[in-house]
>>> print(open('protein24.cif').read())   # mmCIF, C-alpha atoms and all ligand atoms
data_structure
loop_
_atom_site.label_atom_id
_atom_site.label_comp_id
_atom_site.auth_asym_id
_atom_site.auth_seq_id
_atom_site.Cartn_x
_atom_site.Cartn_y
_atom_site.Cartn_z
CA MET A 1112 -23.83 -8.44 27.90
CA ASN A 1113 -20.46 -6.79 27.87
CA VAL A 1114 -20.16 -3.56 29.80
CA LYS A 1115 -17.44 -1.13 28.79
CA SER A 1116 -16.92 1.99 30.84
CA PHE A 1117 -15.28 5.31 30.06
CA THR A 1118 -14.70 8.24 32.38
CA PHE A 1119 -15.32 11.52 30.63
CA ASN A 1120 -15.40 15.29 31.16
CA PRO A 1121 -14.26 17.33 34.17
CA PHE A 1122 -17.03 15.79 36.31
CA MET A 1123 -15.42 12.36 35.87
CA GLU A 1124 -18.67 10.94 34.62
CA ASN A 1125 -18.94 7.27 33.65
CA THR A 1126 -20.19 6.61 30.15
CA TYR A 1127 -21.13 3.01 29.39
CA VAL A 1128 -21.32 1.00 26.21
CA ILE A 1129 -23.25 -2.21 26.72
CA HIS A 1130 -23.22 -4.73 23.92
CA ALA A 1131 -23.76 -8.32 22.85
CA ASN A 1132 -23.55 -10.06 19.47
CA GLY A 1133 -22.43 -6.89 17.72
CA LYS A 1134 -25.32 -4.72 18.87
CA GLY A 1135 -25.04 -2.11 21.57
CA ALA A 1136 -26.28 1.00 23.30
CA ILE A 1137 -24.41 4.00 24.66
CA ILE A 1138 -25.60 5.07 28.08
CA ASP A 1139 -25.05 8.65 29.26
CA PRO A 1140 -22.43 9.76 26.74
CA GLY A 1141 -20.45 12.41 28.60
CA CYS A 1142 -17.66 12.85 26.03
CA TYR A 1143 -17.02 16.53 25.44
CA ASP A 1144 -13.60 17.18 23.95
CA PRO A 1145 -12.35 15.64 20.68
CA ALA A 1146 -10.00 13.21 22.46
CA GLU A 1147 -12.91 11.79 24.45
CA GLN A 1148 -15.12 11.60 21.39
CA LYS A 1149 -12.36 9.72 19.56
CA GLN A 1150 -11.95 7.27 22.43
CA LEU A 1151 -15.61 6.34 22.20
CA VAL A 1152 -15.67 6.13 18.41
CA ASP A 1153 -12.49 4.04 18.34
CA PHE A 1154 -13.99 1.52 20.73
CA ILE A 1155 -17.17 1.20 18.66
CA LYS A 1156 -15.05 0.68 15.54
CA GLU A 1157 -12.71 -1.84 17.15
CA GLU A 1158 -15.63 -3.89 18.40
CA ASN A 1159 -17.44 -3.36 15.12
CA LEU A 1160 -20.62 -2.49 16.98
CA ASP A 1161 -23.96 -1.60 15.54
CA VAL A 1162 -25.03 1.15 17.96
CA GLN A 1163 -28.81 1.12 18.31
CA MET A 1164 -29.55 3.97 20.67
CA ILE A 1165 -28.47 6.38 23.36
CA LEU A 1166 -30.05 5.74 26.75
CA SER A 1167 -30.10 8.43 29.40
CA THR A 1168 -30.35 7.78 33.14
CA HIS A 1169 -31.04 11.46 33.84
CA GLY A 1170 -30.59 14.89 32.30
CA HIS A 1171 -27.78 16.50 34.29
CA ILE A 1172 -25.06 18.22 32.30
CA ASP A 1173 -22.25 15.73 32.96
CA HIS A 1174 -24.40 12.89 31.60
CA VAL A 1175 -25.56 14.62 28.40
CA LEU A 1176 -22.48 16.46 27.12
CA GLY A 1177 -21.91 13.90 24.36
CA ASN A 1178 -25.51 13.38 23.23
CA ALA A 1179 -25.42 15.64 20.17
CA PHE A 1180 -22.10 14.25 19.00
CA VAL A 1181 -23.17 10.62 19.40
CA LYS A 1182 -26.54 11.20 17.75
CA ARG A 1183 -24.90 12.78 14.74
CA ASN A 1184 -21.96 10.41 14.52
CA PHE A 1185 -23.91 7.16 14.79
CA ASN A 1186 -27.28 8.43 13.61
CA VAL A 1187 -29.11 6.92 16.56
CA PRO A 1188 -32.16 7.96 18.58
CA LEU A 1189 -31.91 9.39 22.07
CA TRP A 1190 -34.13 7.87 24.74
CA ILE A 1191 -34.72 9.73 28.01
CA GLY A 1192 -36.96 9.23 31.04
CA GLU A 1193 -40.45 10.68 30.64
CA HIS A 1194 -40.24 12.57 33.94
CA ASP A 1195 -36.79 14.03 33.30
CA VAL A 1196 -37.59 16.17 30.27
CA GLU A 1197 -37.34 19.41 32.24
CA THR A 1198 -34.00 18.45 33.79
CA PHE A 1199 -32.76 17.57 30.34
CA LYS A 1200 -33.99 20.78 28.71
CA ALA A 1201 -32.54 23.00 31.45
CA VAL A 1202 -28.94 22.14 30.53
CA GLU A 1203 -28.65 24.47 27.56
CA ALA A 1204 -29.25 27.55 29.73
CA TYR A 1205 -26.76 26.70 32.46
CA ALA A 1206 -24.01 24.94 30.46
CA PRO A 1207 -22.02 28.17 29.81
CA ASN A 1208 -21.98 28.89 33.56
CA TYR A 1209 -20.14 25.62 34.03
CA GLY A 1210 -17.64 26.54 31.32
CA PHE A 1211 -19.15 24.46 28.53
CA GLN A 1212 -19.38 27.19 25.91
CA ASN A 1213 -19.57 24.63 23.13
CA TYR A 1214 -22.38 22.58 24.60
CA GLU A 1215 -24.75 21.52 21.90
CA ALA A 1216 -28.24 20.51 23.00
CA ALA A 1217 -29.60 17.34 21.46
CA LYS A 1218 -33.25 16.62 20.79
CA TYR A 1219 -34.65 13.53 22.43
CA ASP A 1220 -36.51 11.05 20.25
CA TYR A 1221 -38.34 8.76 22.65
CA LEU A 1222 -39.57 8.87 26.22
CA ILE A 1223 -39.00 5.92 28.54
CA LYS A 1224 -41.54 4.85 31.16
CA GLU A 1225 -41.05 2.98 34.40
CA GLY A 1226 -41.33 -0.74 33.82
CA ASP A 1227 -40.53 -0.49 30.10
CA THR A 1228 -38.34 -3.16 28.58
CA ILE A 1229 -35.63 -1.88 26.26
CA GLU A 1230 -34.45 -4.36 23.66
CA ILE A 1231 -30.96 -4.33 22.20
CA GLY A 1232 -30.79 -7.24 19.79
CA HIS A 1233 -31.95 -10.18 21.90
CA GLU A 1234 -30.96 -8.52 25.15
CA LYS A 1235 -33.49 -6.98 27.47
CA LEU A 1236 -33.12 -4.15 29.95
CA LYS A 1237 -35.79 -3.42 32.50
CA VAL A 1238 -36.38 0.24 33.35
CA LEU A 1239 -36.40 1.09 37.07
CA PHE A 1240 -37.77 4.44 38.23
CA VAL A 1241 -35.34 5.81 40.84
CA PRO A 1242 -36.03 9.53 41.47
CA GLY A 1243 -34.40 11.61 44.20
CA HIS A 1244 -31.13 12.77 42.62
CA ALA A 1245 -33.09 13.97 39.59
CA PRO A 1246 -36.90 13.93 39.47
CA GLY A 1247 -37.12 11.57 36.52
CA HIS A 1248 -34.05 9.44 37.13
CA ILE A 1249 -34.19 5.91 35.73
CA ALA A 1250 -31.85 2.90 35.83
CA PHE A 1251 -31.39 0.00 33.45
CA TYR A 1252 -31.42 -3.51 34.88
CA HIS A 1253 -30.17 -6.56 33.01
CA LYS A 1254 -31.52 -9.47 35.00
CA GLU A 1255 -29.86 -12.37 33.19
CA ASP A 1256 -26.36 -10.98 33.62
CA GLY A 1257 -27.07 -9.43 37.01
CA PHE A 1258 -26.13 -5.82 36.53
CA VAL A 1259 -27.73 -2.42 36.70
CA ILE A 1260 -26.58 0.81 35.05
CA GLY A 1261 -27.61 3.04 37.90
CA GLY A 1262 -26.60 6.62 37.10
CA ASP A 1263 -26.23 8.92 40.11
CA VAL A 1264 -28.43 7.09 42.58
CA LEU A 1265 -26.18 4.65 44.40
CA PHE A 1266 -22.40 4.91 44.43
CA LYS A 1267 -19.78 2.74 46.09
CA GLU A 1268 -20.36 3.60 49.76
CA SER A 1269 -22.10 6.82 48.82
CA VAL A 1270 -25.30 8.12 47.24
CA GLY A 1271 -26.23 10.79 44.71
CA ARG A 1272 -26.51 14.40 45.87
CA THR A 1273 -29.97 15.81 46.34
CA ASP A 1274 -29.31 19.56 46.42
CA MET A 1275 -30.06 20.24 42.79
CA PRO A 1276 -33.45 21.25 41.33
CA GLY A 1277 -35.95 18.44 41.78
CA GLY A 1278 -33.68 16.57 44.18
CA ASP A 1279 -35.06 15.08 47.38
CA SER A 1280 -33.24 13.01 49.97
CA ASP A 1281 -36.17 10.94 51.27
CA THR A 1282 -37.19 10.15 47.72
CA LEU A 1283 -33.64 9.03 46.92
CA MET A 1284 -33.43 6.73 49.95
CA ASN A 1285 -36.78 5.24 49.06
CA SER A 1286 -35.65 4.63 45.46
CA ILE A 1287 -32.50 2.87 46.64
CA LYS A 1288 -34.28 0.66 49.13
CA LYS A 1289 -37.29 -0.15 47.00
CA GLU A 1290 -35.73 -0.54 43.56
CA LEU A 1291 -32.04 -1.32 44.04
CA TYR A 1292 -31.76 -3.09 47.38
CA SER A 1293 -34.52 -5.44 46.28
CA LEU A 1294 -32.27 -6.81 43.52
CA PRO A 1295 -30.15 -9.91 44.24
CA ASN A 1296 -27.11 -9.16 46.43
CA ASP A 1297 -24.63 -10.11 43.73
CA THR A 1298 -26.10 -7.61 41.26
CA VAL A 1299 -23.30 -5.37 39.98
CA VAL A 1300 -24.07 -1.66 40.13
CA TYR A 1301 -22.36 0.47 37.49
CA PRO A 1302 -22.66 4.02 38.81
CA GLY A 1303 -22.44 7.39 37.10
CA HIS A 1304 -19.27 8.24 39.02
CA GLY A 1305 -16.56 6.16 40.63
CA GLU A 1306 -16.02 2.44 40.65
CA ARG A 1307 -18.59 -0.28 40.41
CA THR A 1308 -20.05 -2.01 43.43
CA THR A 1309 -22.68 -4.61 44.29
CA VAL A 1310 -26.09 -4.40 45.91
CA GLY A 1311 -24.94 -6.69 48.74
CA HIS A 1312 -21.88 -4.56 49.49
CA GLU A 1313 -23.94 -1.38 49.70
CA LYS A 1314 -26.64 -2.92 51.87
CA GLN A 1315 -23.91 -3.77 54.35
CA PHE A 1316 -21.47 -0.89 54.08
CA ASN A 1317 -23.16 2.17 52.57
CA PRO A 1318 -22.98 4.84 55.31
CA PHE A 1319 -25.94 6.77 53.87
CA CYS A 1320 -28.33 3.98 53.09
CA ARG A 1321 -27.85 0.74 54.98
CA VAL A 1322 -30.20 -2.08 55.75
CA SER A 1323 -29.27 -4.32 58.62
ZN ZN B 1 -26.56 13.84 38.11
#
>>> encode(input="protein24.cif", output="structure tokens")
Amino acid sequence: MNVKSFTFNPFMENTYVIHANGKGAIIDPGCYDPAEQKQLVDFIKEENLDVQMILSTHGHIDHVLGNAFVKRNFNVPLWIGEHDVETFKAVEAYAPNYGFQNYEAAKYDYLIKEGDTIEIGHEKLKVLFVPGHAPGHIAFYHKEDGFVIGGDVLFKESVGRTDMPGGDSDTLMNSIKKELYSLPNDTVVYPGHGERTTVGHEKQFNPFCRVS
């Protein structure tokens, strides 16, 4: 699959469009202002993509700012993790405190379970359950092409913060070791912030979660 990344909103959140054979999904649309929305729409038009769904790694504000716009614009369902509904629903109340007066909450359409397989055309994504940064955080693993869209779990030489509601450091470390570090070393990790990395690089160099 092709993986296109955008960096949106003041939190510098990575939004991904993954696609193959004209069909795609938008993961964590964080576009907030009209220029960002246009950037995303232009890409979809240029590639002539049939967008099938929005997939959400977790419900923090920076990862959901574009949900309502994308749902409306492409008329697609929003899929979120079954254990992250509360995180997702909490955004509306705190968005103005972060300066997002125009935040528009989107309704989710489907709940995703650990171990589910998401199909986009002929492509398959396996759902990994990786709580710790958010209680219902999930990641999307494409085995054939060796990549994972990981959200805010594992970053290049860093890890997701655990000081927000439902966060837990031990749980996060366990998620990384059990679910991500068990993937092949050359698996590319596309994180929710910052540049991409690989499982092998993080196992060797991540100062917060290393396996020797
Ligand atoms: Zn987050």
>>> residues_near_ligand(input="protein24.cif", ligand="ligand ZN 1 (chain B)", cutoff="9 Å", atoms="all atoms listed in the file", output="PyMOL selection string")
chain A and resi 1168-1174+1244-1245+1248+1262-1264+1271-1272+1275+1303
>>> residues_near_point(input="protein24.cif", point="(-39.6, -1.0, 43.0)", cutoff="12 Å", atoms="all atoms listed in the file", output="MDAnalysis selection string")
chainID A and resid 1225:1226 1237:1242 1249:1250 1252 1285:1294
>>> residues_around(input="protein24.cif", residues="Asn1296 in chain A", least_positions_apart="5", cutoff="12 Å", atoms="only C-alpha atoms", output="ChimeraX atom specification")
/A:1257-1259,1291,1308-1315
>>> closest_residue(input="protein24.cif", among="A:Arg1321, A:Lys1182, A:Lys1200, A:Arg1307", to="Ser1116 in chain A", atoms="all atoms listed in the file")
A:Arg1307
>>> closest_residue(input="protein24.cif", among="A:Pro1207, A:Pro1121, A:Gly1232, A:Gly1177", to="Val1162 in chain A", atoms="only C-alpha atoms")
A:Gly1232
>>> residues_near_point(input="protein24.cif", point="(-30.4, -9.3, 26.1)", cutoff="12 Å", atoms="all atoms listed in the file", output="ChimeraX atom specification")
/A:1112-1113,1129-1136,1228-1237,1251-1258
>>> atom_distance(input="protein24.cif", atom1="CA of Pro1188 in chain A", atom2="CA of Met1164 in chain A")
5.2 Å
>>> residues_around(input="protein24.cif", residues="Tyr1127 in chain A", least_positions_apart="2", cutoff="6 Å", atoms="only C-alpha atoms", output="tab-separated table (two decimals) with C-alpha atoms, in the coordinates of the input")
chain	number	residue	atom	x	y	z
A	1115	LYS	CA	-17.44	-1.13	28.79
A	1116	SER	CA	-16.92	1.99	30.84
A	1137	ILE	CA	-24.41	4.00	24.66
A	1138	ILE	CA	-25.60	5.07	28.08
>>> closest_residue(input="protein24.cif", among="A:Val1187, A:Ser1280, A:Val1175, A:Gly1192", to="Ala1206 in chain A", atoms="only C-alpha atoms")
A:Val1175
>>> atom_distance(input="protein24.cif", atom1="CA of Met1123 in chain A", atom2="CA of Gly1210 in chain A")
15.1 Å
>>> residues_around(input="protein24.cif", residues="Tyr1143 in chain A", least_positions_apart="6", cutoff="12 Å", atoms="all atoms listed in the file", output="list in words")
Thr1118, Phe1119, Asn1120, Pro1121, Phe1122, Met1123, Glu1124, Thr1126, Lys1149, Gln1150, Leu1151, Ile1172, Asp1173, His1174, Val1175, Leu1176, Gly1177, Asn1178, Ala1179, Phe1180, Val1181, Gly1210, Phe1211, Gln1212, Asn1213, Tyr1214 and Glu1215 of chain A
>>> residues_around(input="protein24.cif", residues="Pro1246 in chain A", least_positions_apart="3", cutoff="8 Å", atoms="all atoms listed in the file", output="PyMOL selection string")
chain A and resi 1194-1195+1198+1242-1243+1277-1278
>>> write_last_selection(input="protein24.cif", atoms="C-alpha atoms", output="PDB file, in the frame of the given file")
ATOM      1  CA  HIS A1194     -40.240  12.570  33.940  1.00  0.00           C
ATOM      2  CA  ASP A1195     -36.790  14.030  33.300  1.00  0.00           C
ATOM      3  CA  THR A1198     -34.000  18.450  33.790  1.00  0.00           C
ATOM      4  CA  PRO A1242     -36.030   9.530  41.470  1.00  0.00           C
ATOM      5  CA  GLY A1243     -34.400  11.610  44.200  1.00  0.00           C
ATOM      6  CA  GLY A1277     -35.950  18.440  41.780  1.00  0.00           C
ATOM      7  CA  GLY A1278     -33.680  16.570  44.180  1.00  0.00           C
TER       8      GLY A1278
END
>>> atom_distance(input="protein24.cif", atom1="CA of Ile1165 in chain A", atom2="CA of Pro1140 in chain A")
7.7 Å
>>> residues_around(input="protein24.cif", residues="Ile1191 in chain A", least_positions_apart="2", cutoff="6 Å", atoms="all atoms listed in the file", output="ChimeraX atom specification")
/A:1167,1222-1223
>>> write_last_selection(input="protein24.cif", atoms="C-alpha atoms", output="PDB file, in the coordinates of the input")
ATOM      1  CA  SER A1167     -30.100   8.430  29.400  1.00  0.00           C
ATOM      2  CA  LEU A1222     -39.570   8.870  26.220  1.00  0.00           C
ATOM      3  CA  ILE A1223     -39.000   5.920  28.540  1.00  0.00           C
TER       4      ILE A1223
END
>>> closest_residue(input="protein24.cif", among="A:Asn1125, A:Asp1139, A:Asp1153, A:Asn1159", to="Glu1306 in chain A", atoms="all atoms listed in the file")
A:Asn1125
>>> closest_residue(input="protein24.cif", among="A:His1304, A:Thr1298, A:Val1270, A:Pro1276", to="Asn1317 in chain A", atoms="all atoms listed in the file")
A:Val1270
>>> build_atoms(input="protein24.cif", residues="range 1114-1125 of chain A", atoms="all heavy atoms", output="JSON list (two decimals), in the frame of the given file")
[["chain", "number", "residue", "atom", "x", "y", "z"],
["A", 1114, "VAL", "N", -20.02, -4.93, 29.32],
["A", 1114, "VAL", "CA", -20.16, -3.56, 29.80],
["A", 1114, "VAL", "C", -18.80, -2.90, 29.74],
["A", 1114, "VAL", "O", -17.86, -3.32, 30.42],
["A", 1114, "VAL", "CB", -20.69, -3.51, 31.25],
["A", 1114, "VAL", "CG1", -20.85, -2.06, 31.72],
["A", 1114, "VAL", "CG2", -22.02, -4.26, 31.38],
["A", 1115, "LYS", "N", -18.69, -1.88, 28.91],
["A", 1115, "LYS", "CA", -17.44, -1.13, 28.79],
["A", 1115, "LYS", "C", -17.66, 0.25, 29.41],
["A", 1115, "LYS", "O", -18.66, 0.91, 29.11],
["A", 1115, "LYS", "CB", -17.08, -1.00, 27.30],
["A", 1115, "LYS", "CG", -15.99, -0.01, 26.99],
["A", 1115, "LYS", "CD", -14.62, -0.51, 27.39],
["A", 1115, "LYS", "CE", -13.54, 0.51, 27.02],
["A", 1115, "LYS", "NZ", -12.22, 0.11, 27.55],
["A", 1116, "SER", "N", -16.74, 0.67, 30.25],
["A", 1116, "SER", "CA", -16.92, 1.99, 30.84],
["A", 1116, "SER", "C", -15.82, 2.96, 30.44],
["A", 1116, "SER", "O", -14.68, 2.57, 30.18],
["A", 1116, "SER", "CB", -16.99, 1.89, 32.37],
["A", 1116, "SER", "OG", -15.73, 1.55, 32.88],
["A", 1117, "PHE", "N", -16.21, 4.20, 30.34],
["A", 1117, "PHE", "CA", -15.28, 5.31, 30.06],
["A", 1117, "PHE", "C", -15.53, 6.35, 31.14],
["A", 1117, "PHE", "O", -16.65, 6.49, 31.63],
["A", 1117, "PHE", "CB", -15.59, 5.96, 28.71],
["A", 1117, "PHE", "CG", -15.46, 5.05, 27.53],
["A", 1117, "PHE", "CD1", -16.54, 4.27, 27.13],
["A", 1117, "PHE", "CD2", -14.28, 4.97, 26.82],
["A", 1117, "PHE", "CE1", -16.44, 3.42, 26.04],
["A", 1117, "PHE", "CE2", -14.17, 4.13, 25.72],
["A", 1117, "PHE", "CZ", -15.25, 3.35, 25.33],
["A", 1118, "THR", "N", -14.50, 7.11, 31.46],
["A", 1118, "THR", "CA", -14.70, 8.24, 32.38],
["A", 1118, "THR", "C", -14.39, 9.51, 31.62],
["A", 1118, "THR", "O", -13.27, 9.70, 31.15],
["A", 1118, "THR", "CB", -13.82, 8.09, 33.63],
["A", 1118, "THR", "OG1", -14.14, 6.84, 34.26],
["A", 1118, "THR", "CG2", -14.09, 9.21, 34.62],
["A", 1119, "PHE", "N", -15.42, 10.35, 31.48],
["A", 1119, "PHE", "CA", -15.32, 11.52, 30.63],
["A", 1119, "PHE", "C", -15.62, 12.83, 31.36],
["A", 1119, "PHE", "O", -16.33, 12.82, 32.36],
["A", 1119, "PHE", "CB", -16.30, 11.41, 29.45],
["A", 1119, "PHE", "CG", -15.93, 10.38, 28.40],
["A", 1119, "PHE", "CD1", -16.93, 9.68, 27.74],
["A", 1119, "PHE", "CD2", -14.60, 10.14, 28.06],
["A", 1119, "PHE", "CE1", -16.60, 8.75, 26.75],
["A", 1119, "PHE", "CE2", -14.27, 9.22, 27.08],
["A", 1119, "PHE", "CZ", -15.28, 8.52, 26.41],
["A", 1120, "ASN", "N", -15.16, 13.88, 30.79],
["A", 1120, "ASN", "CA", -15.40, 15.29, 31.16],
["A", 1120, "ASN", "C", -14.93, 15.63, 32.57],
["A", 1120, "ASN", "O", -14.63, 14.74, 33.36],
["A", 1120, "ASN", "CB", -16.87, 15.72, 30.86],
["A", 1120, "ASN", "CG", -17.92, 15.15, 31.80],
["A", 1120, "ASN", "OD1", -17.82, 15.30, 33.02],
["A", 1120, "ASN", "ND2", -18.93, 14.50, 31.23],
["A", 1121, "PRO", "N", -14.84, 16.93, 32.88],
["A", 1121, "PRO", "CA", -14.26, 17.33, 34.17],
["A", 1121, "PRO", "C", -15.03, 16.81, 35.38],
["A", 1121, "PRO", "O", -14.51, 16.80, 36.50],
["A", 1121, "PRO", "CB", -14.31, 18.87, 34.12],
["A", 1121, "PRO", "CG", -14.34, 19.20, 32.68],
["A", 1121, "PRO", "CD", -15.13, 18.11, 32.03],
["A", 1122, "PHE", "N", -16.26, 16.35, 35.19],
["A", 1122, "PHE", "CA", -17.03, 15.79, 36.31],
["A", 1122, "PHE", "C", -16.71, 14.32, 36.55],
["A", 1122, "PHE", "O", -17.30, 13.70, 37.43],
["A", 1122, "PHE", "CB", -18.54, 15.92, 36.04],
["A", 1122, "PHE", "CG", -19.05, 17.33, 35.98],
["A", 1122, "PHE", "CD1", -19.26, 17.96, 34.76],
["A", 1122, "PHE", "CD2", -19.32, 18.03, 37.14],
["A", 1122, "PHE", "CE1", -19.75, 19.26, 34.70],
["A", 1122, "PHE", "CE2", -19.81, 19.33, 37.10],
["A", 1122, "PHE", "CZ", -20.02, 19.94, 35.88],
["A", 1123, "MET", "N", -15.79, 13.77, 35.75],
["A", 1123, "MET", "CA", -15.42, 12.36, 35.87],
["A", 1123, "MET", "C", -16.65, 11.46, 35.82],
["A", 1123, "MET", "O", -16.88, 10.61, 36.67],
["A", 1123, "MET", "CB", -14.66, 12.10, 37.19],
["A", 1123, "MET", "CG", -13.46, 13.00, 37.40],
["A", 1123, "MET", "SD", -12.07, 12.53, 36.33],
["A", 1123, "MET", "CE", -11.51, 11.07, 37.18],
["A", 1124, "GLU", "N", -17.42, 11.69, 34.78],
["A", 1124, "GLU", "CA", -18.67, 10.94, 34.62],
["A", 1124, "GLU", "C", -18.41, 9.63, 33.88],
["A", 1124, "GLU", "O", -17.62, 9.57, 32.94],
["A", 1124, "GLU", "CB", -19.65, 11.81, 33.83],
["A", 1124, "GLU", "CG", -21.00, 11.18, 33.60],
["A", 1124, "GLU", "CD", -21.12, 10.46, 32.27],
["A", 1124, "GLU", "OE1", -20.18, 10.53, 31.44],
["A", 1124, "GLU", "OE2", -22.15, 9.81, 32.05],
["A", 1125, "ASN", "N", -19.09, 8.57, 34.31],
["A", 1125, "ASN", "CA", -18.94, 7.27, 33.65],
["A", 1125, "ASN", "C", -19.94, 7.13, 32.51],
["A", 1125, "ASN", "O", -21.15, 7.22, 32.72],
["A", 1125, "ASN", "CB", -19.17, 6.12, 34.64],
["A", 1125, "ASN", "CG", -18.07, 6.05, 35.68],
["A", 1125, "ASN", "OD1", -16.94, 6.47, 35.45],
["A", 1125, "ASN", "ND2", -18.40, 5.51, 36.84]]
